[in-house]
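Enquirer: Supplied in structure tokens, the structure appears directly below.
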Amino acid sequence: MFNYFFSSEGRVDRLTYWISQVIFYVLLFIFAPFMPEKGSYFNLQLLLLIIPFWFAFVINIKRLHDINCSGWWILINIIPYIGPIIMFIVLGFIAGTKGSNRFGESAWNWN
């Protein structure tokens, strides 16, 4: 289970992707207002916020693997405005590769 969240190897299906995105944004919505601008706990809270961002990053890479794309495609997000829209469509709506691909076995049981 530890490797599931910290390793970018493997694949994630669309349902798992959507569930992880909902959980990520709900947690961000709940905890972001409590982030102080400055203070003694700012660095600790910032560190605790990096962890969910890393999980989201890893899930996005695994989702790219599911559609048989390299994880480097995540860099499309750097393109202002259009990059995140493209990634939203690709990650959220394109079906994964049936069966195994170069990144491993299917995340979904197609039988």
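Each chain in the structure tokens gets a letter, A, B, ..., in the order shown, and its residues are numbered from 1; ligands are numbered from 1 in order too.
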Report as an NGL selection string all protein, DNA and RNA residues lying within 9 Å of region 88-105 of chain A, evaluated on only C-alpha atoms, omitting residues in the same chain fewer than 3 positions from it.
Expert: :A and (9-15 or 17-18 or 60 or 62-70 or 83-85 or 108-110)
Enquirer: List as a PyMOL selection string the protein and nucleic acid residues near Val22 (chain A), meaning an atom at most 12 Å away when only C-alpha atoms are counted, but skip any in the same chain fewer than 6 places from it.
Expert: chain A and resi 15-16+28-29+52+56+92
Enquirer: Taking only C-alpha atoms into account, name the residue in A:Met87, A:Ile30, A:Leu46, A:Ile74 that is nearest to Val58 (chain A).
Expert: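 When distances to Val58 (chain A) are compared using only C-alpha atoms, the smallest one comes from A:Ile74.
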Enquirer: If I take CA of Gln21 (chain A) and CA of Gly71 (chain A), how far is one from the other in Å, to one decimal?
Expert: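 Taking CA of Gln21 (chain A) and CA of Gly71 (chain A), their separation equals 17.4 Å.
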Enquirer: Using CA of Ile23 (chain A) and CA of Ser7 (chain A) as the two end points, give the distance in Å to one decimal.
Expert: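 Taking CA of Ile23 (chain A) and CA of Ser7 (chain A), their separation equals 19.0 Å.
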Enquirer: Got a sec to tell me which of region 1-94 of chain A DSSP assigns to helix (DSSP H, G or I), as a ChimeraX atom specification?
Expert: /A:2-6,14-34,42-66,71-78,82-93
Enquirer: What is the CA of Trp72 (chain A) to CA of Ser8 (chain A) distance in Å?
Expert: 11.2 Å
